[in-house]
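Q: Provided herewith is a single structure, encoded as structure tokens, for subsequent inquiry.
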Amino acid sequence: LNDDGTMARRPDLEVFAKKHDLKIGTIADLIEYRNLNETTVEKIASCKIPTQFGEFQLVTFKDTIDEQLHFAMVKGDIDKMDAPLVRVHLQNTFSDLLSSDRSVNRSFSIDSALQKISAEGGVLVLLGKQESNQELINIVKRFEAEDNGDNLPPAKWQGTSRNVGVGSQILAQLGVNQMRLLSSPKKYHALSGFGLEVVEYVSE
């Protein structure tokens, strides 16, 4: 509050912070920090799972905040690999269930990532995402509009800082440190907080 009892706004806070040599953080900053740095993922179970690309170790995790399940498919002994191949994949109905790349822009499909990891060893993390009926309806209606000639800007399928935080927690729990990331080059903030380092980006 200000001296007169009114609610302090950002300009007031900036003056106060400068006067007292303080830093200002926004609510958005706090949310992003918590998403990236708090431990919210617990391991549920681990089992062997055969696939068309060979046998993997399937490790299941649960997010204690939203109860979402996430899966890691591990090939080989991570502890003995200097920099295993890693793919963090956000679940998407169109690419993963319908085998379409129309709604996404990704450098690797699940199949291509599993094939490469099976050959060289590493981890595929599949982040669960509950897509609402309305989300899916909006996407197919967008496709319909595009088919009818509407000139729409390209759709973007992006993860959030929360996705990055959850994926990082899973990789850290699996013992990953340095990694060769199956992805186009991107900037990932706060990975070092989980003891993670991308030493190479591997394209398809």
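Chain labels run A, B, ... following the order of the structure tokens; each chain numbers its residues from 1, and ligands are numbered from 1 in the order shown.
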Write out as a PyMOL selection string all residues of segment 37-200 of chain A that backbone DSSP assigns to alpha helix (DSSP H).

A: chain A and resi 37+110-120+133-147+161-173

Q: Which is closest to Ser118 of chain A among A:His70, A:Arg162, A:Lys75, A:Lys48, if we use only C-alpha atoms?

A: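 Counting only C-alpha atoms, the residue closest to Ser118 of chain A is A:Lys75.
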
Q: So which one's closest to Leu191 of chain A, A:Asn92, A:Gln173, A:Gln178, A:Ser168? Using only C-alpha atoms, please.

A: A:Ser168

Q: Which is closest to Ile78 of chain A among A:Leu124, A:Val176, A:Ala17, A:Ala45, if we use only C-alpha atoms?

A: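 Of the candidates, the smallest distance to Ile78 of chain A is held by A:Val176.
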
Q: Which one of A:Phe108, A:Phe143, A:Phe61, A:Phe53 sits closest to Tyr201 of chain A if you count only C-alpha atoms?

A: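 Looking at the shortest contact to Tyr201 of chain A, the residue is A:Phe108.
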
Q: May I ask for the distance between atom CA of Lys129 of chain A and atom CA of Gln91 of chain A, given in Å to one decimal place?

A: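 If I compute the distance from atom CA of Lys129 of chain A to atom CA of Gln91 of chain A, I get 5.7 Å.
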
Q: Quick one, how far is atom CA of Ser132 of chain A from atom CA of Val164 of chain A?

A: 21.0 Å
